[in-house]
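Q: Structure file model-v3.pdb (PDB, C-alpha atoms) right here:
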ATOM      1  CA  TYR A   1       0.000   0.000   0.000
ATOM      2  CA  VAL A   2       1.750   3.126  -1.244
ATOM      3  CA  TYR A   3       0.914   6.682  -2.181
ATOM      4  CA  PRO A   4       0.019   6.787  -5.898
ATOM      5  CA  GLU A   5       2.716   9.329  -6.674
ATOM      6  CA  ASP A   6       5.356   6.950  -5.219
ATOM      7  CA  SER A   7       4.097   3.718  -6.791
ATOM      8  CA  VAL A   8       6.774   3.456  -9.483
ATOM      9  CA  ASP A   9       9.605   4.134  -7.040
ATOM     10  CA  ALA A  10       8.175   1.673  -4.507
ATOM     11  CA  ARG A  11       7.824  -1.054  -7.118
ATOM     12  CA  ASN A  12      11.455  -0.634  -8.159
ATOM     13  CA  SER A  13      12.870  -0.216  -4.638
ATOM     14  CA  THR A  14      11.137  -3.213  -3.078
ATOM     15  CA  ALA A  15      12.398  -5.792  -5.576
ATOM     16  CA  SER A  16      15.203  -6.837  -3.208
ATOM     17  CA  ILE A  17      12.740  -7.862  -0.483
ATOM     18  CA  VAL A  18      12.353 -11.258  -2.191
ATOM     19  CA  ARG A  19      16.047 -12.089  -1.784
ATOM     20  CA  MET A  20      15.911 -10.887   1.832
ATOM     21  CA  VAL A  21      13.029 -13.239   2.631
ATOM     22  CA  GLN A  22      14.876 -16.095   0.946
ATOM     23  CA  LEU A  23      18.054 -15.339   2.926
ATOM     24  CA  PHE A  24      16.266 -15.253   6.264
ATOM     25  CA  ASP A  25      14.337 -18.416   5.331
ATOM     26  CA  SER A  26      17.628 -20.212   4.739
ATOM     27  CA  LEU A  27      19.298 -18.977   7.932
ATOM     28  CA  PHE A  28      16.441 -18.959  10.449
ATOM     29  CA  GLY A  29      13.608 -21.072   9.075
ATOM     30  CA  ILE A  30      10.642 -20.283   6.865
ATOM     31  CA  TYR A  31       8.970 -16.881   7.303
ATOM     32  CA  PRO A  32       6.885 -17.308  10.471
ATOM     33  CA  PHE A  33       3.616 -16.001   8.975
ATOM     34  CA  LYS A  34       3.748 -17.681   5.578
ATOM     35  CA  GLU A  35       0.072 -18.673   5.734
ATOM     36  CA  GLU A  36      -0.880 -14.999   5.633
ATOM     37  CA  LYS A  37       1.448 -12.560   3.817
ATOM     38  CA  TYR A  38       4.277 -10.107   4.069
ATOM     39  CA  GLY A  39       3.346  -6.578   3.103
ATOM     40  CA  HIS A  40       4.429  -2.944   3.202
ATOM     41  CA  ALA A  41       2.295   0.093   3.976
ATOM     42  CA  GLN A  42       3.794   3.501   3.300
ATOM     43  CA  PHE A  43       3.274   6.096   6.039
ATOM     44  CA  GLY A  44       4.335   9.640   6.751
ATOM     45  CA  TRP A  45       6.862   9.198   9.577
ATOM     46  CA  GLY A  46      10.566   8.513   9.329
ATOM     47  CA  GLY A  47      11.799   4.967   9.771
ATOM     48  CA  GLY A  48       9.508   1.969   9.978
ATOM     49  CA  MET A  49       7.428  -0.188  12.304
ATOM     50  CA  GLU A  50       7.254  -3.981  12.072
ATOM     51  CA  HIS A  51       3.506  -4.502  12.419
ATOM     52  CA  GLN A  52       3.098  -8.263  12.094
ATOM     53  CA  THR A  53       2.745  -9.224   8.400
ATOM     54  CA  MET A  54       2.333  -5.558   7.322
ATOM     55  CA  THR A  55       5.319  -3.310   7.982
ATOM     56  CA  PHE A  56       4.791   0.453   7.991
ATOM     57  CA  MET A  57       7.534   2.103   5.924
ATOM     58  CA  GLY A  58       8.674   5.712   5.895
ATOM     59  CA  ASP A  59      10.743   4.922   2.817
ATOM     60  CA  PHE A  60      11.891   1.848   0.915
ATOM     61  CA  GLY A  61      15.618   1.920   1.598
ATOM     62  CA  PHE A  62      17.505  -1.391   1.496
ATOM     63  CA  GLU A  63      18.571  -1.416   5.148
ATOM     64  CA  LEU A  64      15.208  -0.278   6.499
ATOM     65  CA  MET A  65      13.364  -2.982   4.570
ATOM     66  CA  ALA A  66      15.793  -5.629   5.833
ATOM     67  CA  HIS A  67      15.548  -4.400   9.437
ATOM     68  CA  GLU A  68      11.755  -4.446   9.588
ATOM     69  CA  LEU A  69      11.492  -7.780   7.789
ATOM     70  CA  ALA A  70      13.990  -9.257  10.267
ATOM     71  CA  HIS A  71      11.690  -8.351  13.134
ATOM     72  CA  HIS A  72       9.217 -10.959  11.946
ATOM     73  CA  TRP A  73      11.616 -13.589  13.226
ATOM     74  CA  PHE A  74      13.196 -11.589  16.069
ATOM     75  CA  GLY A  75      10.457  -9.446  17.576
ATOM     76  CA  ASP A  76       7.236 -10.894  16.183
ATOM     77  CA  LYS A  77       7.756 -14.676  16.239
ATOM     78  CA  VAL A  78       9.806 -14.339  19.434
ATOM     79  CA  THR A  79       9.178 -11.089  21.308
ATOM     80  CA  CYS A  80      11.396  -9.662  24.021
ATOM     81  CA  ALA A  81      10.035 -10.527  27.478
ATOM     82  CA  SER A  82      10.695  -7.042  28.882
ATOM     83  CA  TRP A  83      12.067  -3.668  27.858
ATOM     84  CA  GLN A  84      15.329  -4.721  29.538
ATOM     85  CA  ASP A  85      15.671  -7.327  26.778
ATOM     86  CA  ILE A  86      14.842  -4.985  23.888
ATOM     87  CA  TRP A  87      18.167  -5.803  22.236
ATOM     88  CA  LEU A  88      16.707  -9.228  21.397
ATOM     89  CA  ASN A  89      14.473  -7.289  19.016
ATOM     90  CA  GLU A  90      16.582  -4.357  17.873
ATOM     91  CA  GLY A  91      20.089  -5.790  18.057
ATOM     92  CA  PHE A  92      18.984  -8.772  16.000
ATOM     93  CA  ALA A  93      17.107  -6.713  13.409
ATOM     94  CA  THR A  94      20.126  -4.445  13.047
ATOM     95  CA  TYR A  95      22.484  -7.384  12.614
ATOM     96  CA  LEU A  96      20.182  -9.108  10.140
ATOM     97  CA  SER A  97      20.168  -5.997   7.981
ATOM     98  CA  GLY A  98      23.955  -6.368   7.989
ATOM     99  CA  LEU A  99      23.610  -9.998   6.907
ATOM    100  CA  CYS A 100      21.658  -8.736   3.903
ATOM    101  CA  TYR A 101      24.613  -6.545   3.002
ATOM    102  CA  GLU A 102      27.010  -9.472   3.512
ATOM    103  CA  ASN A 103      25.014 -11.838   1.291
ATOM    104  CA  ILE A 104      23.165  -9.594  -1.166
ATOM    105  CA  ALA A 105      25.205  -6.376  -1.431
ATOM    106  CA  PRO A 106      28.663  -7.387  -0.104
ATOM    107  CA  GLU A 107      30.283  -4.142  -1.173
ATOM    108  CA  TRP A 108      28.502  -2.504   1.801
ATOM    109  CA  TRP A 109      29.253  -5.174   4.430
ATOM    110  CA  GLU A 110      32.536  -3.745   5.724
ATOM    111  CA  ALA A 111      31.122  -0.234   5.883
ATOM    112  CA  PHE A 112      28.117  -1.525   7.830
ATOM    113  CA  ARG A 113      30.327  -3.182  10.445
ATOM    114  CA  ARG A 114      32.602  -0.170  10.763
ATOM    115  CA  THR A 115      29.660   2.197  11.189
ATOM    116  CA  ARG A 116      28.019   0.004  13.833
ATOM    117  CA  ILE A 117      31.238  -0.347  15.819
ATOM    118  CA  GLU A 118      31.709   3.412  15.747
ATOM    119  CA  GLY A 119      28.093   3.854  16.846
ATOM    120  CA  ALA A 120      28.475   1.412  19.726
ATOM    121  CA  CYS A 121      31.523   3.296  20.985
ATOM    122  CA  VAL A 122      29.720   6.632  21.217
ATOM    123  CA  VAL A 123      28.429   5.690  24.684
ATOM    124  CA  SER A 124      31.287   4.811  27.047
ATOM    125  CA  ASP A 125      29.119   3.817  30.014
ATOM    126  CA  GLY A 126      26.259   1.799  28.524
ATOM    127  CA  SER A 127      25.288  -1.873  28.372
ATOM    128  CA  VAL A 128      23.439  -3.890  25.741
ATOM    129  CA  TRP A 129      20.982  -5.034  28.421
ATOM    130  CA  CYS A 130      18.739  -2.039  29.180
ATOM    131  CA  ASP A 131      19.250  -0.910  32.786
ATOM    132  CA  ASP A 132      16.771   1.988  32.742
ATOM    133  CA  THR A 133      13.310   1.174  31.441
ATOM    134  CA  THR A 134      11.910   4.534  32.592
ATOM    135  CA  SER A 135      13.633   6.243  29.664
ATOM    136  CA  VAL A 136      12.314   5.721  26.143
ATOM    137  CA  SER A 137      15.541   7.113  24.680
ATOM    138  CA  ARG A 138      17.565   4.582  26.679
ATOM    139  CA  ILE A 139      15.316   1.682  25.703
ATOM    140  CA  PHE A 140      15.663   2.538  22.019
ATOM    141  CA  SER A 141      19.256   3.764  22.177
ATOM    142  CA  PRO A 142      20.674   3.493  18.646
ATOM    143  CA  HIS A 143      24.132   3.059  20.153
ATOM    144  CA  LEU A 144      23.361   0.347  22.730
ATOM    145  CA  SER A 145      20.187  -1.570  21.850
ATOM    146  CA  TYR A 146      20.856  -1.394  18.111
ATOM    147  CA  SER A 147      24.557  -1.020  17.212
ATOM    148  CA  LYS A 148      26.199  -2.588  20.264
ATOM    149  CA  GLY A 149      23.592  -5.355  20.316
ATOM    150  CA  ALA A 150      24.310  -6.127  16.666
ATOM    151  CA  MET A 151      28.069  -6.214  17.156
ATOM    152  CA  VAL A 152      27.763  -8.465  20.212
ATOM    153  CA  LEU A 153      25.908 -10.930  17.975
ATOM    154  CA  HIS A 154      28.672 -10.662  15.393
ATOM    155  CA  MET A 155      31.234 -11.449  18.102
ATOM    156  CA  LEU A 156      29.230 -14.491  19.203
ATOM    157  CA  ARG A 157      29.130 -15.674  15.596
ATOM    158  CA  TYR A 158      32.909 -15.228  15.427
ATOM    159  CA  GLN A 159      33.450 -17.243  18.607
ATOM    160  CA  LEU A 160      31.040 -20.082  17.769
ATOM    161  CA  GLY A 161      31.428 -20.276  13.992
ATOM    162  CA  ASP A 162      28.599 -20.015  11.490
ATOM    163  CA  SER A 163      27.232 -23.551  11.796
ATOM    164  CA  LEU A 164      26.835 -23.506  15.587
ATOM    165  CA  PHE A 165      25.752 -19.855  15.740
ATOM    166  CA  PHE A 166      22.954 -20.067  13.193
ATOM    167  CA  GLY A 167      21.926 -23.502  14.443
ATOM    168  CA  ALA A 168      21.532 -22.086  17.954
ATOM    169  CA  LEU A 169      19.389 -19.244  16.631
ATOM    170  CA  ARG A 170      17.096 -21.666  14.805
ATOM    171  CA  ASN A 171      16.717 -23.650  18.024
ATOM    172  CA  TYR A 172      15.947 -20.434  19.911
ATOM    173  CA  LEU A 173      13.255 -19.431  17.416
ATOM    174  CA  ASN A 174      11.714 -22.914  17.386
ATOM    175  CA  ASP A 175      11.769 -23.492  21.147
ATOM    176  CA  VAL A 176       8.154 -24.391  21.981
ATOM    177  CA  ASN A 177       8.421 -22.287  25.132
ATOM    178  CA  LEU A 178       9.477 -19.195  23.156
ATOM    179  CA  ALA A 179       8.025 -19.412  19.626
ATOM    180  CA  TYR A 180       5.087 -17.054  19.114
ATOM    181  CA  GLY A 181       5.718 -15.963  22.694
ATOM    182  CA  PHE A 182       8.385 -14.203  24.724
ATOM    183  CA  ALA A 183      12.103 -14.601  25.443
ATOM    184  CA  ALA A 184      14.573 -13.004  27.834
ATOM    185  CA  THR A 185      18.331 -12.688  27.458
ATOM    186  CA  PRO A 186      19.048 -15.897  29.449
ATOM    187  CA  ASP A 187      16.937 -17.848  26.934
ATOM    188  CA  LEU A 188      19.234 -16.807  24.095
ATOM    189  CA  LYS A 189      22.298 -17.604  26.216
ATOM    190  CA  TYR A 190      20.903 -21.072  26.966
ATOM    191  CA  HIS A 191      20.508 -21.968  23.300
ATOM    192  CA  LEU A 192      23.924 -20.612  22.320
ATOM    193  CA  GLU A 193      25.514 -22.679  25.096
ATOM    194  CA  ALA A 194      23.483 -25.797  24.311
ATOM    195  CA  ALA A 195      24.468 -25.722  20.644
ATOM    196  CA  SER A 196      28.144 -24.934  21.194
ATOM    197  CA  GLY A 197      28.959 -26.639  24.490
ATOM    198  CA  LYS A 198      30.600 -23.381  25.599
ATOM    199  CA  ASP A 199      30.081 -21.591  28.898
ATOM    200  CA  LEU A 200      29.154 -18.066  27.824
ATOM    201  CA  THR A 201      28.571 -16.658  31.316
ATOM    202  CA  GLY A 202      31.750 -14.598  31.177
ATOM    203  CA  PHE A 203      30.947 -13.283  27.715
ATOM    204  CA  PHE A 204      27.459 -12.165  28.691
ATOM    205  CA  THR A 205      28.698 -10.658  31.971
ATOM    206  CA  GLU A 206      31.244  -8.528  30.149
ATOM    207  CA  TRP A 207      29.656  -7.736  26.794
ATOM    208  CA  VAL A 208      25.894  -7.814  27.424
ATOM    209  CA  TYR A 209      25.414  -6.829  31.067
ATOM    210  CA  GLY A 210      28.707  -4.974  31.539
ATOM    211  CA  LYS A 211      29.084  -1.364  30.499
ATOM    212  CA  GLY A 212      31.475   0.242  28.076
ATOM    213  CA  PHE A 213      33.973  -1.245  25.675
ATOM    214  CA  PRO A 214      37.692  -1.994  25.395
ATOM    215  CA  SER A 215      40.317  -0.024  23.532
ATOM    216  CA  TYR A 216      43.439  -1.846  22.384
ATOM    217  CA  GLN A 217      46.965  -0.476  22.200
ATOM    218  CA  ILE A 218      49.639  -2.324  20.240
ATOM    219  CA  ASN A 219      53.370  -1.675  20.643
ATOM    220  CA  TRP A 220      55.809  -3.567  18.453
ATOM    221  CA  ALA A 221      59.448  -3.603  17.486
ATOM    222  CA  GLN A 222      61.539  -5.657  15.047
ATOM    223  CA  ASP A 223      65.286  -6.199  15.467
ATOM    224  CA  PHE A 224      67.986  -6.846  12.865
ATOM    225  CA  SER A 225      67.427 -10.604  13.056
ATOM    226  CA  ASN A 226      63.744 -10.073  12.231
ATOM    227  CA  GLN A 227      62.680 -11.019  15.746
ATOM    228  CA  LEU A 228      59.366  -9.298  16.420
ATOM    229  CA  THR A 229      58.343  -8.217  19.896
ATOM    230  CA  LEU A 230      54.742  -7.222  20.416
ATOM    231  CA  THR A 231      52.743  -6.019  23.402
ATOM    232  CA  LEU A 232      48.954  -5.844  23.275
ATOM    233  CA  ASN A 233      47.304  -3.778  26.016
ATOM    234  CA  GLN A 234      43.648  -3.100  26.751
ATOM    235  CA  THR A 235      41.938  -0.254  28.569
ATOM    236  CA  GLN A 236      38.250  -0.140  29.457
ATOM    237  CA  SER A 237      35.875   2.790  29.097
ATOM    238  CA  HIS A 238      33.923   1.940  32.281
ATOM    239  CA  PRO A 239      34.939   0.338  35.604
ATOM    240  CA  SER A 240      32.064  -2.190  35.561
ATOM    241  CA  VAL A 241      34.282  -4.471  33.461
ATOM    242  CA  SER A 242      37.908  -4.875  34.526
ATOM    243  CA  PHE A 243      38.861  -6.820  31.387
ATOM    244  CA  PHE A 244      36.980  -7.701  28.184
ATOM    245  CA  THR A 245      37.783 -11.249  27.098
ATOM    246  CA  MET A 246      37.850 -11.567  23.323
ATOM    247  CA  PRO A 247      40.216 -13.162  20.793
ATOM    248  CA  VAL A 248      42.034 -10.478  18.804
ATOM    249  CA  GLN A 249      43.321 -11.207  15.330
ATOM    250  CA  LEU A 250      46.424  -9.402  14.096
ATOM    251  CA  ARG A 251      47.711  -9.605  10.545
ATOM    252  CA  PHE A 252      51.460  -9.687   9.967
ATOM    253  CA  ILE A 253      52.769  -8.689   6.556
ATOM    254  CA  GLY A 254      56.229  -9.764   5.406
ATOM    255  CA  ALA A 255      58.328 -10.277   2.318
ATOM    256  CA  GLN A 256      57.713 -14.032   2.446
ATOM    257  CA  GLY A 257      53.960 -13.661   2.820
ATOM    258  CA  ASP A 258      51.263 -12.635   5.235
ATOM    259  CA  THR A 259      49.929 -14.454   8.268
ATOM    260  CA  THR A 260      47.195 -13.858  10.829
ATOM    261  CA  ILE A 261      47.717 -14.747  14.486
ATOM    262  CA  THR A 262      44.926 -14.837  17.058
ATOM    263  CA  PHE A 263      45.769 -13.573  20.539
ATOM    264  CA  ASN A 264      43.490 -14.768  23.328
TER     265      ASN A 264
END
Output the structure of this file as structure tokens.
A:
Amino acid sequence: YVYPEDSVDARNSTASIVRMVQLFDSLFGIYPFKEEKYGHAQFGWGGGMEHQTMTFMGDFGFELMAHELAHHWFGDKVTCASWQDIWLNEGFATYLSGLCYENIAPEWWEAFRRTRIEGACVVSDGSVWCDDTTSVSRIFSPHLSYSKGAMVLHMLRYQLGDSLFFGALRNYLNDVNLAYGFAATPDLKYHLEAASGKDLTGFFTEWVYGKGFPSYQINWAQDFSNQLTLTLNQTQSHPSVSFFTMPVQLRFIGAQGDTTITFN
């Protein structure tokens, strides 16, 4: 449903929605409301709103369409149990829009990640888990609930690998206690741990419930025998986390070739 004067533009701009549905089908299971429809309704505000099976759209931009479609898995099929868990809606929808860049328009994938990391680092004293549900701006913080939530998911994918990560998310969405109902942050943690066999308590304590982010400093020197000495330091933006545990990959470039080493 679009304004007549915008019908041609809408028809052209929405063509990519088919590939987005197909991507999410393949990663997370068939569109949860396939017996009904998926539709768009143009409206006069900025942004969009993921009304179940009929998203309201302020425009038909690629990322906005992907974000609101993603909510039909993360937000509509499984809804956050409280405002404290809003990142289960918005962090996921943000990350899934990035997956559309990665798989459909890969030339924008690196820029998406860089922009979201920069956005997450705007707030030095905030957590992904919402600690103040009296503030609408805090609940829907673009830096914490959206960008930081999305990048935390990307880090979990990096730690678990694609097969375990996406398998855990399918299990989460299909859990009979959660599907077409409500989930809290511990429910997601449970399924990630069950699929991977990893204890993610430390990760969630630091990256989801903890505030702030790490900054890394690298000092290196190379002597005449080509012996390389490297020191990797970390500082934290907020005292709630004394150290952020995360593997860090560094790429070394030499005349004989390049190599990447992961520092735990």
Q: Taking the file as shown, what set of residues would the PyMOL selection byres ((chain A and resi 33) around 9) give back, as an MDAnalysis selection string?
A: chainID A and resid 30:32 34:38 52:53 72 77
Q: List as a ChimeraX atom specification the residues having at least one atom at most 12 Å from position (28.5, -8.1, 32.8) as given in the file, counting all atoms listed in the file.
A: /A:126-129,131,200-213,238-245
Q: Name the closest residue to A:Pro4 among the candidates A:Gln42, A:Val248, A:Trp109, A:Ala93; distances are taken between atoms, counting only C-alpha atoms.
A: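 Closest residue, counting only C-alpha atoms: A:Gln42.
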Q: Given the file shown, determine the residues that the PyMOL selection byres ((chain A and resi 46) around 12) selects; report them as number ranges by chain.
A: A: 42-45, 47-49, 56-61, 64
Q: Please measure the separation of atom CA of A:Tyr1 and atom CA of A:Thr79, giving the value in Å to one decimal.
A: 25.7 Å
Q: If the PyMOL selection byres ((chain A and resi 113) around 12) were run on this exact file, what residues would it hold? Put them as a VMD selection string.
A: chain A and resid 94 to 99 101 to 102 106 to 112 114 to 120 147 to 148 150 to 155
Q: So, counting all atoms listed in the file, which residue among A:Leu88, A:Ala221, A:Met246, A:Leu27 is closest to A:Phe166?
A: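 Under the stated criterion, the closest residue is A:Leu27.
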Q: Compile the contact shell of A:Ile104 as a list in words: residues with an atom at most 9 Å away, counting all atoms listed in the file, same-chain residues fewer than 6 positions apart removed.
A: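 Here the qualifying residues turn out to be Ser16, Arg19, Met20 and Leu23 of chain A.
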Q: Once 4 Å is added on each side, what centre and edge lengths in Å to one decimal does the axis-aligned box around all listed atoms of stretch 241-247 of chain A have, as AutoDock Vina command-line options?
A:
--center_x 37.2 --center_y -8.8 --center_z 27.7 --size_x 13.9 --size_y 16.7 --size_z 21.7
Q: Using only C-alpha atoms, can you tell me which of A:Asn264, A:Val18, A:Gly254, A:Ser7 comes closest to A:Leu228?
A: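 Looking only at the distances to A:Leu228, the closest residue turns out to be A:Gly254.
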Q: Mind checking which residues fall within 6 Å of A:Trp87, counting only C-alpha atoms, ignoring those fewer than 3 positions away in the same chain, and posting them as an mmCIF file with C-alpha atoms, in the frame of the given file?
A:
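Below is the file that was written, around.cif:
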data_model
loop_
_atom_site.group_PDB
_atom_site.id
_atom_site.type_symbol
_atom_site.label_atom_id
_atom_site.label_comp_id
_atom_site.auth_asym_id
_atom_site.auth_seq_id
_atom_site.Cartn_x
_atom_site.Cartn_y
_atom_site.Cartn_z
ATOM 1 C CA GLU A 90 16.582 -4.357 17.873
ATOM 2 C CA GLY A 91 20.089 -5.790 18.057
ATOM 3 C CA SER A 145 20.187 -1.570 21.850
ATOM 4 C CA GLY A 149 23.592 -5.355 20.316
#
